[in-house]
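One structure is given here, and the rest of the page talks about it.
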Amino acid sequence: MLICHIIASALLTGMLGAAEFRGSVELADSLQPSVVKNKDYSGVVIWLEPVGAPAATAPATFTMLQKSKRFQPHVLAVPVGSTVDFPNADPIFHNAFSNFAGQPFDTGLYRPGTSRKIQFRREGVVRVFCNIHSSMSAVIVVLRTSYFAVTGQDGRFVMRNVPPGDYRLHVWHERAAPTVLEKLGRAVHVDATGADVPRLRISESGF
């Protein structure tokens with residue numbers, strides 16, 4: 001009975017010791033029709049790095065589907081050491097690759113209904129293309145932290161299970177200049193009840 005009580009207390013402490021970090025972004029000065037007409041603020045990566053301590057990472061397996069000659073999702077964030085599965089759901093061959101900074105890779109040509117897996121061991125931005133279809137592109141943001149989120153169409157994001165503490169907030173968006181993104185970085189504190197960051201405005205004027 002005593003052992004059960006100790007286990008229950010530990011589980012409760014773990015639940016209470018993790019909080020939510022919430023916020024939203026707005027894309028401004030954009031020439032993209034999806035942003036101007038539909039207010040689509042998706043695809044912005046937000047992450048937290050602990051201050052004064054190494055960031056914890058929990059590698060996992062993620063999926064970037066190839067369907068209708070598109071990578072889905074277009075922007076994917078993963079912790080360092082994670083594996084990304086590239087299933088081919090089209091009735092045609094695909095060949096996912098990257099030769100940019102981050103981690104170059106090449107899945108080789110593979111048939112419909114099959115898949116290839118790539119492990120990402122280095123932090124960085126990996127721009128993904130298809131060697132067969134030049135219109136296909138995507139981005140994998142490999143992070144040295146497990147506290148991250150990618151905005152939905154409404155620009156909102158939620159990070160769950162963030163331990164209380166002090167963090168440095170970082171932002172990445174494919175159509176924003178590095179200087180713009182650097183200015184959005186800031187110190188944040190997360191307590192046991194969670195935290196909200198004021199709306200982040202990201203200008204695309206330098207794209």
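How things are named: the first chain in the structure tokens is A, the next is B, and so on; residues count from 1 in each chain; ligands count from 1 in the order shown.
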Counting only C-alpha atoms, give me one row per residue of segment 98-196 of chain A with an atom at most 6 Å from an atom of segment 51-62 of chain A, showing the shortest contact pair and its distance in Å to one decimal, sorted by chain then residue number, as a tab-separated table.
residue	atom	partner	partner_atom	distance
A:Thr145	CA	A:Thr57	CA	4.9
A:Ser146	CA	A:Thr57	CA	4.8
A:Asp166	CA	A:Val51	CA	5.7
A:Tyr167	CA	A:Val51	CA	5.1
Could you write out the selected residues, including N, CA and C atoms, as a compact mmCIF listing (two decimals), in the first residue's frame?
# COMPACT_ATOMS: atom_id res chain seq x y z
N THR A 145 16.54 20.45 -28.59
CA THR A 145 15.60 20.57 -27.48
C THR A 145 14.33 19.80 -27.85
N SER A 146 13.58 19.40 -26.83
CA SER A 146 12.31 18.74 -27.08
C SER A 146 11.13 19.66 -26.79
N ASP A 166 13.59 28.94 -16.41
CA ASP A 166 13.93 30.05 -17.30
C ASP A 166 14.44 29.51 -18.63
N TYR A 167 13.99 30.14 -19.72
CA TYR A 167 14.30 29.67 -21.06
C TYR A 167 14.63 30.84 -21.98
Please identify all polymer residues within 6 Å of segment 179-196 of chain A, counting only C-alpha atoms, omitting same-chain residues fewer than 4 positions from it, and present them as number ranges by chain. A: 19-23, 164-171
Just N, CA and C atoms for this one: save the residues we selected as a PDB file, in the first residue's frame.
ATOM      1  N   ALA A  19       4.232  22.141 -17.491  1.00  0.00           N
ATOM      2  CA  ALA A  19       3.252  23.188 -17.785  1.00  0.00           C
ATOM      3  C   ALA A  19       3.150  23.403 -19.290  1.00  0.00           C
ATOM      4  N   GLU A  20       2.241  24.289 -19.673  1.00  0.00           N
ATOM      5  CA  GLU A  20       2.062  24.650 -21.075  1.00  0.00           C
ATOM      6  C   GLU A  20       2.660  26.019 -21.350  1.00  0.00           C
ATOM      7  N   PHE A  21       3.306  26.135 -22.509  1.00  0.00           N
ATOM      8  CA  PHE A  21       3.797  27.424 -22.981  1.00  0.00           C
ATOM      9  C   PHE A  21       3.016  27.748 -24.248  1.00  0.00           C
ATOM     10  N   ARG A  22       2.306  28.871 -24.244  1.00  0.00           N
ATOM     11  CA  ARG A  22       1.359  29.184 -25.317  1.00  0.00           C
ATOM     12  C   ARG A  22       1.655  30.543 -25.950  1.00  0.00           C
ATOM     13  N   GLY A  23       1.171  30.695 -27.186  1.00  0.00           N
ATOM     14  CA  GLY A  23       1.316  31.970 -27.853  1.00  0.00           C
ATOM     15  C   GLY A  23       0.769  31.923 -29.264  1.00  0.00           C
ATOM     16  N   PRO A 164       8.858  23.901 -15.296  1.00  0.00           N
ATOM     17  CA  PRO A 164       9.035  25.293 -14.870  1.00  0.00           C
ATOM     18  C   PRO A 164      10.503  25.675 -14.846  1.00  0.00           C
ATOM     19  N   GLY A 165      10.781  26.915 -15.257  1.00  0.00           N
ATOM     20  CA  GLY A 165      12.161  27.384 -15.273  1.00  0.00           C
ATOM     21  C   GLY A 165      12.340  28.545 -16.224  1.00  0.00           C
ATOM     22  N   ASP A 166      13.588  28.940 -16.415  1.00  0.00           N
ATOM     23  CA  ASP A 166      13.934  30.050 -17.296  1.00  0.00           C
ATOM     24  C   ASP A 166      14.440  29.512 -18.629  1.00  0.00           C
ATOM     25  N   TYR A 167      13.987  30.144 -19.721  1.00  0.00           N
ATOM     26  CA  TYR A 167      14.302  29.667 -21.064  1.00  0.00           C
ATOM     27  C   TYR A 167      14.632  30.838 -21.982  1.00  0.00           C
ATOM     28  N   ARG A 168      15.266  30.497 -23.095  1.00  0.00           N
ATOM     29  CA  ARG A 168      15.459  31.437 -24.192  1.00  0.00           C
ATOM     30  C   ARG A 168      14.560  31.000 -25.327  1.00  0.00           C
ATOM     31  N   LEU A 169      13.698  31.898 -25.799  1.00  0.00           N
ATOM     32  CA  LEU A 169      12.767  31.596 -26.880  1.00  0.00           C
ATOM     33  C   LEU A 169      13.421  31.892 -28.216  1.00  0.00           C
ATOM     34  N   HIS A 170      13.240  30.974 -29.175  1.00  0.00           N
ATOM     35  CA  HIS A 170      13.760  31.139 -30.530  1.00  0.00           C
ATOM     36  C   HIS A 170      12.628  30.957 -31.536  1.00  0.00           C
ATOM     37  N   VAL A 171      12.769  31.613 -32.686  1.00  0.00           N
ATOM     38  CA  VAL A 171      11.742  31.565 -33.734  1.00  0.00           C
ATOM     39  C   VAL A 171      12.415  31.326 -35.079  1.00  0.00           C
TER      40      VAL A 171
END
For Gln32 of chain A, find every residue with an atom within 10 Å (counting only C-alpha atoms), except residues of its own chain fewer than 5 positions away, and show them as a PyMOL selection string. chain A and resi 37-40+175+204
Store the residues picked out above in a file with C-alpha atoms, as a PDB file, in the first residue's frame.
ATOM      1  CA  LYS A  37      -6.062  36.459 -48.474  1.00  0.00           C
ATOM      2  CA  ASN A  38      -6.466  33.579 -46.035  1.00  0.00           C
ATOM      3  CA  LYS A  39      -4.436  34.755 -43.034  1.00  0.00           C
ATOM      4  CA  ASP A  40      -2.501  31.494 -43.075  1.00  0.00           C
ATOM      5  CA  ARG A 175      10.298  33.650 -45.349  1.00  0.00           C
ATOM      6  CA  GLU A 204       8.483  38.902 -44.481  1.00  0.00           C
TER       7      GLU A 204
END
If we count only C-alpha atoms and set the cut-off at 12 Å, which residues sit around Pro104 of chain A, ignoring sequence neighbours fewer than 3 positions away in its own chain? Please answer as a ChimeraX atom specification. /A:96-101,107,118-122,124-129,140
Show me, as a tab-separated table, the residues of segment 127-198 of chain A having an atom within 8 Å of segment 76-80 of chain A, each with the closest atom pair and its distance in Å, using only C-alpha atoms.
residue	atom	partner	partner_atom	distance
A:Val139	CA	A:Leu76	CA	6.3
A:Ile140	CA	A:Leu76	CA	4.8
A:Val141	CA	A:Ala77	CA	4.7
A:Val142	CA	A:Val78	CA	5.1
A:Leu143	CA	A:Pro79	CA	4.8
A:Arg144	CA	A:Val80	CA	5.5
A:Thr145	CA	A:Pro79	CA	5.9
A:Ser146	CA	A:Pro79	CA	5.7
A:Phe148	CA	A:Ala77	CA	7.6
A:Ala149	CA	A:Ala77	CA	7.4
A:Val150	CA	A:Ala77	CA	7.1
DSSP on the backbone: what in chain A comes out alpha helix (DSSP H), as JSON, numbers by chain? {"A": [2, 3, 4, 5, 6, 7, 8, 9, 10, 11, 12, 13, 14, 15, 16, 33, 34, 35, 36, 178, 179, 180, 181, 182, 183, 184]}
What separates atom CA of Thr114 of chain A and atom CA of Asn88 of chain A is a distance of 5.7 Å
If you count only C-alpha atoms, which residues fall within 7 Å of Leu200 of chain A, apart from same-chain ones fewer than 3 positions away, as a JSON list (two decimals) with C-alpha atoms, in the first residue's frame?
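Saved as around25.json:
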[["chain", "number", "residue", "atom", "x", "y", "z"],
["A", 24, "SER", "CA", 0.60, 33.03, -31.41],
["A", 25, "VAL", "CA", 2.30, 34.65, -34.38],
["A", 26, "GLU", "CA", 1.24, 37.01, -37.14]]
In Å, rounded to a single decimal, give me how far atom CA of His94 of chain A is from atom CA of Arg111 of chain A. 6.9 Å
Just the number, please: distance in Å from atom CA of Arg201 of chain A to atom CA of Pro163 of chain A, one decimal. 26.0 Å
Per DSSP on the backbone, filter segment 98-135 of chain A down to the residues in strand (DSSP E) and report them as a list in words. Ser98, Phe105, Asp106, Lys117, Ile118, Gln119, Gly124, Val125, Val126, Arg127, Val128, Phe129 and Cys130 of chain A
Written selection (C-alpha atoms) as a compact mmCIF listing (two decimals), in the first residue's frame:
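Written output follows (result_21.txt):
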# COMPACT_ATOMS: atom_id res chain seq x y z
CA SER A 98 18.77 17.59 -49.45
CA PHE A 105 20.87 13.09 -47.57
CA ASP A 106 19.43 11.21 -50.54
CA LYS A 117 13.83 6.54 -43.30
CA ILE A 118 16.52 9.11 -42.51
CA GLN A 119 18.00 9.84 -39.07
CA GLY A 124 20.08 22.77 -38.30
CA VAL A 125 17.60 23.61 -41.06
CA VAL A 126 17.27 20.89 -43.69
CA ARG A 127 15.63 21.92 -46.95
CA VAL A 128 14.06 18.92 -48.66
CA PHE A 129 13.33 18.44 -52.36
CA CYS A 130 12.31 15.68 -54.75
Counting only C-alpha atoms, the residue of A:Ala177, A:Val75, A:Ile46, A:Ile92 that sits nearest Gly206 of chain A: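 Distance minimum relative to Gly206 of chain A lands on A:Ala177.
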